[in-house]
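Participant: File name target_25.txt; file contents compact mmCIF, C-alpha atoms; full text below.
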```txt
# COMPACT_ATOMS: atom_id res chain seq x y z
CA MET A 1 0.00 0.00 0.00
CA GLU A 2 1.10 3.58 -0.69
CA GLN A 3 3.02 5.06 2.26
CA ILE A 4 1.30 8.15 3.68
CA SER A 5 3.64 11.05 4.44
CA ILE A 6 2.55 13.55 7.09
CA LYS A 7 3.38 17.23 7.51
CA LYS A 8 1.73 18.84 10.53
CA THR A 9 0.65 22.48 10.65
CA THR A 10 2.50 24.94 12.87
CA ASN A 11 -0.46 27.32 12.95
CA SER A 12 -3.55 25.46 14.20
CA LYS A 13 -6.94 27.22 14.09
CA LEU A 14 -8.46 24.89 16.69
CA ALA A 15 -8.32 27.44 19.53
CA SER A 16 -10.74 29.70 17.61
CA LEU A 17 -13.38 26.96 17.19
CA ASP A 18 -16.65 27.40 19.08
CA PHE A 19 -18.23 23.94 19.37
CA ASN A 20 -21.56 25.60 20.19
CA SER A 21 -21.66 27.37 16.83
CA ILE A 22 -20.49 25.09 14.03
CA PRO A 23 -22.67 25.27 10.90
CA LEU A 24 -21.84 22.53 8.41
CA GLY A 25 -19.32 23.42 5.73
CA ARG A 26 -18.23 26.81 7.09
CA THR A 27 -15.29 25.85 9.29
CA PHE A 28 -12.52 23.50 8.19
CA THR A 29 -9.86 21.61 10.09
CA ASP A 30 -6.11 22.21 9.93
CA HIS A 31 -5.14 19.53 7.42
CA MET A 32 -6.08 17.78 4.19
CA PHE A 33 -5.29 14.41 2.64
CA ILE A 34 -4.08 14.42 -0.98
CA CYS A 35 -3.12 11.73 -3.47
CA ASP A 36 -2.28 12.29 -7.16
CA TYR A 37 -3.10 10.09 -10.14
CA LYS A 38 -0.32 10.37 -12.72
CA ASP A 39 1.20 8.01 -15.28
CA GLY A 40 -1.58 5.50 -14.74
CA LYS A 41 -1.22 5.10 -10.95
CA TRP A 42 -2.04 6.75 -7.64
CA GLN A 43 1.01 8.18 -5.90
CA GLN A 44 2.31 10.62 -3.28
CA ALA A 45 -0.33 10.00 -0.61
CA ARG A 46 0.13 12.71 2.00
CA ILE A 47 -1.45 14.72 4.79
CA GLU A 48 -0.44 18.35 4.88
CA PRO A 49 -1.71 21.71 6.17
CA LEU A 50 -4.97 22.87 4.60
CA SER A 51 -4.28 25.36 1.83
CA ASP A 52 -5.51 26.52 -1.56
CA ILE A 53 -4.74 24.19 -4.47
CA PRO A 54 -3.19 25.74 -7.59
CA THR A 55 -5.53 24.93 -10.48
CA HIS A 56 -4.90 25.45 -14.17
CA PRO A 57 -7.85 27.25 -15.82
CA ALA A 58 -8.09 24.38 -18.31
CA ALA A 59 -8.42 21.74 -15.57
CA MET A 60 -10.85 19.26 -17.10
CA ALA A 61 -13.13 19.06 -14.05
CA LEU A 62 -14.01 22.72 -14.60
CA HIS A 63 -15.07 22.12 -18.20
CA TYR A 64 -16.31 18.52 -18.41
CA GLY A 65 -17.44 17.77 -14.88
CA GLN A 66 -15.33 14.76 -13.94
CA ALA A 67 -15.82 15.26 -10.21
CA ILE A 68 -17.24 12.92 -7.56
CA PHE A 69 -17.39 12.95 -3.78
CA GLU A 70 -18.42 11.12 -0.62
CA GLY A 71 -19.83 12.24 2.72
CA MET A 72 -18.93 10.64 6.05
CA LYS A 73 -18.80 11.44 9.76
CA ALA A 74 -16.35 10.81 12.59
CA THR A 75 -17.58 10.79 16.18
CA LEU A 76 -16.11 10.18 19.65
CA ASP A 77 -16.84 7.27 21.96
CA SER A 78 -17.12 7.59 25.76
CA ASP A 79 -13.34 7.17 26.06
CA GLY A 80 -12.67 10.01 23.61
CA LYS A 81 -11.57 7.64 20.83
CA PRO A 82 -12.54 8.60 17.25
CA LEU A 83 -15.00 6.35 15.42
CA ILE A 84 -15.77 6.22 11.68
CA PHE A 85 -19.07 4.88 10.35
CA ARG A 86 -18.77 2.15 7.67
CA PRO A 87 -15.81 3.61 5.69
CA ASP A 88 -15.58 0.48 3.55
CA LYS A 89 -19.02 1.26 2.08
CA ASN A 90 -17.93 4.79 1.16
CA ALA A 91 -14.81 3.38 -0.51
CA GLU A 92 -16.98 1.00 -2.55
CA ARG A 93 -19.41 3.74 -3.57
CA LEU A 94 -16.63 6.17 -4.52
CA ASN A 95 -15.31 3.59 -6.95
CA PHE A 96 -18.81 2.89 -8.30
CA SER A 97 -19.10 6.62 -9.03
CA ALA A 98 -15.61 6.70 -10.52
CA ARG A 99 -16.43 3.91 -12.97
CA ARG A 100 -19.64 5.63 -14.06
CA MET A 101 -17.83 8.95 -14.60
CA GLY A 102 -14.88 7.47 -16.49
CA MET A 103 -12.42 8.07 -13.66
CA PRO A 104 -9.76 5.79 -12.14
CA GLU A 105 -10.73 3.75 -9.10
CA PHE A 106 -9.02 4.66 -5.84
CA PRO A 107 -7.49 1.78 -3.83
CA GLU A 108 -10.07 0.96 -1.15
CA GLU A 109 -7.47 -0.02 1.44
CA LEU A 110 -5.70 3.31 0.96
CA PHE A 111 -9.07 5.11 1.18
CA VAL A 112 -9.75 3.59 4.62
CA GLU A 113 -6.19 3.90 5.92
CA GLY A 114 -5.95 7.49 4.65
CA LEU A 115 -9.20 8.34 6.43
CA LYS A 116 -7.99 6.77 9.67
CA ALA A 117 -4.69 8.65 9.57
CA PHE A 118 -6.47 11.91 8.69
CA VAL A 119 -9.10 11.56 11.44
CA ASP A 120 -6.43 10.60 13.95
CA MET A 121 -4.61 13.86 13.18
CA GLU A 122 -7.83 15.93 13.40
CA ARG A 123 -9.38 14.12 16.40
CA ASN A 124 -9.46 17.29 18.53
CA TRP A 125 -11.83 18.85 15.97
CA ILE A 126 -14.53 16.21 16.60
CA PRO A 127 -17.43 17.83 18.50
CA PRO A 128 -18.32 15.95 21.70
CA MET A 129 -22.02 16.94 21.76
CA GLU A 130 -24.89 14.54 20.96
CA GLY A 131 -25.84 14.71 17.27
CA SER A 132 -22.68 16.59 16.28
CA ALA A 133 -19.73 15.13 14.38
CA LEU A 134 -16.72 15.82 12.20
CA TYR A 135 -18.06 15.78 8.65
CA LEU A 136 -15.55 14.18 6.25
CA ARG A 137 -15.54 15.00 2.56
CA PRO A 138 -13.49 12.64 0.35
CA PHE A 139 -13.57 13.75 -3.29
CA MET A 140 -11.87 13.23 -6.63
CA TYR A 141 -11.59 15.52 -9.64
CA ALA A 142 -9.82 15.75 -12.98
CA ASP A 143 -6.96 18.27 -12.81
CA GLU A 144 -5.38 17.66 -16.23
CA PRO A 145 -5.17 20.94 -18.20
CA PHE A 146 -6.81 20.04 -21.52
CA ILE A 147 -9.70 21.37 -23.58
CA GLY A 148 -11.24 18.36 -25.29
CA MET A 149 -13.97 15.81 -24.73
CA ARG A 150 -12.27 12.70 -23.36
CA ALA A 151 -11.42 11.14 -20.02
CA ALA A 152 -8.69 13.00 -18.17
CA THR A 153 -5.35 11.36 -17.46
CA SER A 154 -4.52 13.08 -14.16
CA PHE A 155 -6.68 13.42 -11.07
CA LYS A 156 -6.54 14.43 -7.45
CA PHE A 157 -8.14 12.52 -4.59
CA MET A 158 -8.53 14.57 -1.43
CA ILE A 159 -10.15 14.54 2.00
CA ILE A 160 -11.12 17.65 3.95
CA ALA A 161 -13.20 17.93 7.11
CA SER A 162 -15.68 20.31 8.75
CA PRO A 163 -17.05 20.02 12.31
CA SER A 164 -20.82 20.34 12.37
CA GLY A 165 -23.91 20.21 14.55
CA PRO A 166 -27.28 18.63 13.62
CA LEU A 167 -28.44 19.83 10.18
CA PHE A 168 -32.22 19.89 10.75
CA SER A 169 -33.44 20.72 14.25
CA LYS A 170 -37.16 20.44 13.39
CA PRO A 171 -39.39 18.41 11.04
CA ILE A 172 -39.18 19.47 7.40
CA LYS A 173 -41.61 20.05 4.54
CA LEU A 174 -41.00 18.72 1.03
CA TRP A 175 -42.03 20.06 -2.37
CA ALA A 176 -42.96 17.34 -4.88
CA GLU A 177 -41.27 18.61 -8.04
CA LYS A 178 -43.13 17.83 -11.29
CA LYS A 179 -41.23 19.98 -13.78
CA PHE A 180 -37.53 19.60 -13.06
CA ILE A 181 -35.99 16.15 -12.70
CA ARG A 182 -32.99 14.91 -10.75
CA ALA A 183 -32.07 11.76 -12.67
CA VAL A 184 -33.22 9.04 -15.02
CA GLU A 185 -32.20 5.40 -15.39
CA GLY A 186 -29.00 5.28 -17.44
CA GLY A 187 -27.93 8.74 -16.26
CA THR A 188 -25.67 9.58 -13.34
CA GLY A 189 -28.25 9.62 -10.54
CA GLU A 190 -26.87 6.52 -8.84
CA ALA A 191 -23.35 8.01 -8.84
CA LYS A 192 -22.35 10.68 -6.33
CA ALA A 193 -21.34 13.09 -9.06
CA ALA A 194 -20.94 16.81 -8.41
CA GLY A 195 -23.09 17.71 -11.42
CA ASN A 196 -26.13 15.97 -9.91
CA TYR A 197 -26.17 18.52 -7.13
CA ALA A 198 -25.58 21.48 -9.44
CA ALA A 199 -28.71 20.54 -11.38
CA ALA A 200 -30.71 20.45 -8.12
CA ILE A 201 -29.81 23.94 -6.92
CA ARG A 202 -32.38 26.01 -8.84
CA PRO A 203 -35.35 23.68 -8.13
CA THR A 204 -34.38 23.64 -4.46
CA GLU A 205 -34.29 27.44 -4.32
CA ILE A 206 -37.74 27.55 -5.96
CA ALA A 207 -39.06 25.08 -3.37
CA LYS A 208 -37.63 27.16 -0.53
CA ALA A 209 -39.29 30.29 -1.96
CA LYS A 210 -42.61 28.42 -1.69
CA GLY A 211 -41.97 27.74 2.01
CA TYR A 212 -40.54 24.23 1.73
CA ASP A 213 -37.21 22.86 2.94
CA GLN A 214 -36.23 20.33 0.28
CA VAL A 215 -37.34 18.89 -3.06
CA LEU A 216 -39.03 15.51 -3.27
CA TRP A 217 -37.77 14.23 -6.62
CA LEU A 218 -40.12 12.25 -8.87
CA ASP A 219 -39.28 10.06 -11.84
CA ALA A 220 -38.37 11.66 -15.17
CA ILE A 221 -40.97 9.88 -17.32
CA GLU A 222 -44.32 9.95 -15.51
CA HIS A 223 -43.51 12.38 -12.68
CA LYS A 224 -45.27 10.17 -10.15
CA TYR A 225 -42.74 7.67 -8.79
CA ILE A 226 -40.85 8.92 -5.73
CA GLN A 227 -37.07 8.80 -6.03
CA GLU A 228 -35.31 10.65 -3.20
CA VAL A 229 -35.23 13.93 -1.28
CA GLY A 230 -32.67 16.70 -1.76
CA THR A 231 -29.60 15.17 -0.16
CA MET A 232 -31.46 12.18 1.34
CA ASN A 233 -33.19 8.89 0.69
CA ILE A 234 -36.75 8.56 2.02
CA PHE A 235 -38.78 6.10 4.11
CA PHE A 236 -42.56 5.91 4.76
CA LYS A 237 -44.32 4.01 7.55
CA ILE A 238 -47.73 2.83 6.32
CA ASN A 239 -49.97 0.59 8.38
CA GLY A 240 -47.11 -0.51 10.65
CA ALA A 241 -44.58 -1.38 7.92
CA PHE A 242 -41.88 0.60 6.14
CA ILE A 243 -41.42 1.16 2.42
CA THR A 244 -38.60 2.93 0.60
CA PRO A 245 -38.01 3.39 -3.15
CA SER A 246 -36.04 0.54 -4.68
CA LEU A 247 -32.72 1.36 -6.32
CA ASP A 248 -33.63 1.73 -9.98
CA GLY A 249 -30.48 3.17 -11.53
CA ALA A 250 -31.56 6.77 -10.82
CA ILE A 251 -31.41 6.71 -7.00
CA LEU A 252 -28.29 7.07 -4.88
CA ASN A 253 -27.41 3.97 -2.87
CA GLY A 254 -27.25 5.77 0.46
CA ILE A 255 -25.12 4.21 3.20
CA THR A 256 -27.41 5.62 5.89
CA ARG A 257 -30.32 4.20 3.85
CA LEU A 258 -28.72 0.75 3.86
CA SER A 259 -28.00 1.01 7.59
CA VAL A 260 -31.54 2.12 8.45
CA ILE A 261 -32.99 -0.81 6.50
CA GLU A 262 -30.77 -3.19 8.47
CA LEU A 263 -31.59 -1.45 11.77
CA LEU A 264 -35.36 -1.43 11.19
CA LYS A 265 -35.34 -5.15 10.39
CA PHE A 266 -33.19 -5.74 13.48
CA LYS A 267 -35.88 -3.96 15.53
CA GLY A 268 -38.56 -6.22 14.07
CA TYR A 269 -40.14 -3.98 11.43
CA GLU A 270 -41.07 -5.12 7.94
CA VAL A 271 -39.15 -3.13 5.31
CA THR A 272 -39.93 -3.34 1.60
CA GLU A 273 -37.93 -1.77 -1.22
CA ARG A 274 -40.21 -1.13 -4.20
CA PRO A 275 -41.52 1.61 -6.52
CA ILE A 276 -43.71 4.12 -4.65
CA THR A 277 -46.04 6.67 -6.25
CA ILE A 278 -46.98 10.04 -4.80
CA ASP A 279 -50.63 9.02 -5.27
CA GLU A 280 -50.10 6.01 -3.00
CA ILE A 281 -48.82 8.30 -0.23
CA LEU A 282 -51.80 10.64 -0.74
CA GLU A 283 -54.21 7.70 -0.50
CA ALA A 284 -52.50 6.46 2.69
CA GLU A 285 -52.97 9.91 4.22
CA LYS A 286 -56.66 9.92 3.28
CA ASN A 287 -57.39 6.47 4.74
CA GLY A 288 -55.35 7.11 7.90
CA THR A 289 -52.61 4.52 7.37
CA LEU A 290 -49.76 6.99 6.72
CA GLU A 291 -48.02 7.05 10.11
CA GLU A 292 -44.68 8.77 9.59
CA ALA A 293 -41.92 9.53 7.10
CA PHE A 294 -38.28 10.48 7.37
CA GLY A 295 -35.25 11.15 5.21
CA THR A 296 -31.86 9.50 5.72
CA GLY A 297 -28.41 10.80 4.81
CA THR A 298 -24.92 11.29 6.15
CA ALA A 299 -25.22 15.03 6.74
CA VAL A 300 -28.78 14.99 8.08
CA GLY A 301 -28.80 11.65 9.88
CA ILE A 302 -32.58 11.22 10.23
CA ALA A 303 -34.77 14.15 9.12
CA TYR A 304 -38.42 13.90 10.18
CA ILE A 305 -40.91 14.85 7.45
CA GLU A 306 -44.15 16.60 8.41
CA ALA A 307 -45.68 17.38 5.00
CA ILE A 308 -45.32 17.00 1.24
CA GLY A 309 -46.75 19.72 -0.98
CA SER A 310 -47.33 20.13 -4.71
CA GLU A 311 -49.41 22.31 -7.02
CA ASP A 312 -52.38 19.99 -6.43
CA GLN A 313 -52.45 19.29 -2.70
CA VAL A 314 -50.54 19.08 0.58
CA ILE A 315 -50.05 15.67 2.20
CA HIS A 316 -49.93 16.04 5.97
CA ILE A 317 -47.91 13.21 7.46
CA SER A 318 -47.55 13.47 11.24
CA ASP A 319 -46.45 15.74 14.06
CA GLU A 320 -44.90 12.76 15.83
CA HIS A 321 -42.17 10.46 14.56
CA PRO A 322 -41.63 7.78 17.23
CA VAL A 323 -39.85 5.21 15.08
CA GLY A 324 -37.77 7.85 13.30
CA GLN A 325 -36.69 9.24 16.65
CA ASP A 326 -35.88 5.76 17.94
CA VAL A 327 -33.81 4.99 14.85
CA ASN A 328 -32.02 8.34 15.10
CA GLU A 329 -31.20 7.85 18.78
CA THR A 330 -30.02 4.27 18.18
CA LEU A 331 -27.77 5.33 15.31
CA ASN A 332 -26.29 8.17 17.38
CA LYS A 333 -25.65 5.83 20.31
CA ILE A 334 -23.96 3.27 18.05
CA LYS A 335 -21.85 6.02 16.47
CA THR A 336 -20.70 7.23 19.89
CA GLY A 337 -20.19 3.80 21.45
CA LYS A 338 -22.94 4.31 24.06
CA ILE A 339 -24.57 1.03 23.09
CA GLU A 340 -23.23 -2.15 21.54
CA ASP A 341 -22.68 -2.13 17.78
CA PRO A 342 -24.28 -5.44 16.77
CA PHE A 343 -23.54 -4.86 13.08
CA GLY A 344 -19.79 -4.19 13.18
CA TRP A 345 -20.31 -0.79 11.51
CA MET A 346 -17.91 1.34 13.53
CA VAL A 347 -14.15 1.56 12.96
CA LYS A 348 -12.28 2.75 16.03
CA ILE A 349 -9.07 4.75 15.72
CA ASP A 350 -6.72 4.01 18.62
```
Could you render the structure as structure tokens?
Facilitator:
Amino acid sequence: MEQISIKKTTNSKLASLDFNSIPLGRTFTDHMFICDYKDGKWQQARIEPLSDIPTHPAAMALHYGQAIFEGMKATLDSDGKPLIFRPDKNAERLNFSARRMGMPEFPEELFVEGLKAFVDMERNWIPPMEGSALYLRPFMYADEPFIGMRAATSFKFMIIASPSGPLFSKPIKLWAEKKFIRAVEGGTGEAKAAGNYAAAIRPTEIAKAKGYDQVLWLDAIEHKYIQEVGTMNIFFKINGAFITPSLDGAILNGITRLSVIELLKFKGYEVTERPITIDEILEAEKNGTLEEAFGTGTAVGIAYIEAIGSEDQVIHISDEHPVGQDVNETLNKIKTGKIEDPFGWMVKID
């Protein structure tokens, strides 16, 4: 495996951090992990002080969008030891995205070991409060300076980190979007590609202007099948059982989604992955079987959903989310070592 060289900062910003005021993505830790892809191989894995990266104006990521990323969190256990949640799954998904976007795969062992070394160095930046964490952002982009439509030949893989508190502190409202689309089977929706999120920005701003928090994306053909929510996957509890949209080639294979499915089944709930229409959710509300709904994602954890609106109607879900809250609390306790991890999800950094 590639040896990781380490250069520590002599000018830490940690003393200026207020753990009681840490909005996601605004404050960054002292260091970054970098590895370069040149001459057909990954090389020069290193951790060094966070700084700007010189970028040629013809860097291919800027023109042709070869850019992918992951989202992860590091937490602390009761002994103050850092924990990482399922890093092997992020390594697998990064490489799935890389293949779809015509980019080189990154060695999964180096991905995990690089994360562990990086988090170990930044462990003092991990917030100790319940629901807070050190958000980790691994990403890869094409940095070859070339104007032309082909796969790049040089790339950078990097990891940066941002301490953060809970993203949503109250239940959210969703806007069922029937004009704009997020993805279609055969596109890049199942990859964690930067361009997917760029295409979602304007519809999300429109939804917020209507008084909603996130977009509920529907399918590209009939505009009736539910796909996912903003930066989350989605679950519904109907008549005592859970349903979530099946992965159809246009939906991101969320790691929190996968974990929640496993956790719900562990707790004795029936969970079905299948196509779900917005009309089915409306009918469940009308007949009184729609009990709760929540979104799942790395940044949000579990986001409780109170309503879904569209041009036609508003679906009122629930003011209470007992199972969502139980799942959220269980996940947080597993991530902080307060209860046993029966799944072997957590990787401890000694």
Participant: How many Å lie between atom CA of A:Glu70 and atom CA of A:Phe266, rounded to one decimal?
Facilitator: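 According to the coordinates, atom CA of A:Glu70 and atom CA of A:Phe266 are separated by 26.5 Å.
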Participant: Using all atoms listed in the file, which residue out of A:Lys41, A:Lys13, A:His56, A:His223 lies closest to A:Pro145?
Facilitator: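 Looking only at the distances to A:Pro145, the closest residue turns out to be A:His56.
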Participant: For stretch 215-245 of chain A against stretch 321-327 of chain A, with a cut-off of 12 Å and counting only C-alpha atoms, what is the closest atom pair and its distance in Å to one decimal for every residue that makes the cut, ordered by chain and number, as CSV?
Facilitator:
```
residue,atom,partner,partner_atom,distance
A:Ile234,CA,A:Gly324,CA,11.3
A:Phe235,CA,A:Gly324,CA,9.4
A:Phe236,CA,A:Gly324,CA,10.0
A:Lys237,CA,A:Val323,CA,8.8
A:Gly240,CA,A:Val323,CA,10.2
A:Ala241,CA,A:Val323,CA,10.8
A:Phe242,CA,A:Val323,CA,10.3
```
Participant: Excluding A:Tyr225 and residues on its chain fewer than 2 positions from it, collect all residues at most 12 Å away from it, counting all atoms listed in the file, and give them as a ChimeraX atom specification.
Facilitator: /A:176-178,181,184,216-223,227-228,244-246,248,250-251,274-281
Participant: List the spatial neighbours of A:Arg202 as a list in words - criterion: any atom at most 12 Å away, all atoms listed in the file, same-chain residues fewer than 6 positions off excluded.
Facilitator: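 Using all atoms listed in the file, the neighbours found are Glu177, Lys179, Phe180, Ile181, Arg182, Asn196, Lys208, Ala209, Gln214, Val215 and Gly230 of chain A.
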Participant: List as an MDAnalysis selection string the protein and nucleic acid residues near A:Ala91, meaning an atom at most 7 Å away when all atoms listed in the file are counted, but skip any in the same chain fewer than 4 places from it.
Facilitator: chainID A and resid 87 95 108 111
Participant: Choose the residue, out of A:Arg150, A:Lys156, A:Lys81, A:Lys286, that has the smallest atom-to-atom separation from A:Met346; count all atoms listed in the file.
Facilitator: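 Once distances to A:Met346 are computed over all atoms listed in the file, the minimum belongs to A:Lys81.
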Participant: What would stretch 95-115 of chain A look like with N, CA, C and O atoms in place, written as a short mmCIF file (atom, residue, chain, number, x, y, z; two decimals), in the coordinates of the input?
Facilitator:
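Output file rebuild.cif is given in full below:
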```cif
data_model
loop_
_atom_site.label_atom_id
_atom_site.label_comp_id
_atom_site.auth_asym_id
_atom_site.auth_seq_id
_atom_site.Cartn_x
_atom_site.Cartn_y
_atom_site.Cartn_z
N ASN A 95 -15.79 4.27 -5.75
CA ASN A 95 -15.31 3.59 -6.95
C ASN A 95 -16.45 3.27 -7.92
O ASN A 95 -16.24 3.26 -9.14
N PHE A 96 -17.64 3.03 -7.41
CA PHE A 96 -18.81 2.89 -8.30
C PHE A 96 -19.01 4.18 -9.08
O PHE A 96 -19.22 4.17 -10.30
N SER A 97 -18.96 5.32 -8.38
CA SER A 97 -19.10 6.62 -9.03
C SER A 97 -17.98 6.86 -10.03
O SER A 97 -18.21 7.38 -11.13
N ALA A 98 -16.76 6.49 -9.64
CA ALA A 98 -15.61 6.70 -10.52
C ALA A 98 -15.79 5.93 -11.83
O ALA A 98 -15.53 6.47 -12.92
N ARG A 99 -16.23 4.70 -11.75
CA ARG A 99 -16.43 3.91 -12.97
C ARG A 99 -17.48 4.55 -13.86
O ARG A 99 -17.31 4.64 -15.08
N ARG A 100 -18.58 5.02 -13.26
CA ARG A 100 -19.64 5.63 -14.06
C ARG A 100 -19.18 6.91 -14.74
O ARG A 100 -19.61 7.24 -15.85
N MET A 101 -18.28 7.66 -14.09
CA MET A 101 -17.83 8.95 -14.60
C MET A 101 -16.54 8.86 -15.38
O MET A 101 -15.93 9.88 -15.71
N GLY A 102 -16.08 7.64 -15.69
CA GLY A 102 -14.88 7.47 -16.49
C GLY A 102 -13.61 7.91 -15.78
O GLY A 102 -12.68 8.42 -16.41
N MET A 103 -13.55 7.66 -14.48
CA MET A 103 -12.42 8.07 -13.66
C MET A 103 -11.73 6.84 -13.07
O MET A 103 -12.34 5.78 -12.96
N PRO A 104 -10.47 6.96 -12.69
CA PRO A 104 -9.76 5.79 -12.14
C PRO A 104 -10.28 5.44 -10.75
O PRO A 104 -10.61 6.33 -9.95
N GLU A 105 -10.36 4.16 -10.45
CA GLU A 105 -10.73 3.75 -9.10
C GLU A 105 -9.61 4.07 -8.12
O GLU A 105 -8.42 4.05 -8.48
N PHE A 106 -10.00 4.38 -6.89
CA PHE A 106 -9.02 4.66 -5.84
C PHE A 106 -8.89 3.42 -4.96
O PHE A 106 -9.90 2.81 -4.60
N PRO A 107 -7.66 3.00 -4.62
CA PRO A 107 -7.49 1.78 -3.83
C PRO A 107 -8.29 1.85 -2.52
O PRO A 107 -8.11 2.79 -1.72
N GLU A 108 -9.17 0.89 -2.31
CA GLU A 108 -10.07 0.96 -1.15
C GLU A 108 -9.33 0.85 0.17
O GLU A 108 -9.70 1.49 1.16
N GLU A 109 -8.26 0.07 0.21
CA GLU A 109 -7.47 -0.02 1.44
C GLU A 109 -6.81 1.32 1.76
O GLU A 109 -6.80 1.75 2.92
N LEU A 110 -6.31 2.01 0.74
CA LEU A 110 -5.70 3.31 0.96
C LEU A 110 -6.76 4.34 1.36
O LEU A 110 -6.50 5.23 2.18
N PHE A 111 -7.97 4.23 0.80
CA PHE A 111 -9.07 5.11 1.18
C PHE A 111 -9.32 5.01 2.68
O PHE A 111 -9.38 6.02 3.39
N VAL A 112 -9.45 3.79 3.20
CA VAL A 112 -9.75 3.59 4.62
C VAL A 112 -8.56 3.99 5.49
O VAL A 112 -8.72 4.68 6.50
N GLU A 113 -7.37 3.58 5.10
CA GLU A 113 -6.19 3.90 5.92
C GLU A 113 -5.90 5.41 5.89
O GLU A 113 -5.48 5.99 6.89
N GLY A 114 -6.12 6.04 4.73
CA GLY A 114 -5.95 7.49 4.65
C GLY A 114 -6.93 8.22 5.54
O GLY A 114 -6.58 9.19 6.23
N LEU A 115 -8.20 7.76 5.54
CA LEU A 115 -9.20 8.34 6.43
C LEU A 115 -8.81 8.20 7.89
O LEU A 115 -8.92 9.16 8.68
#
```
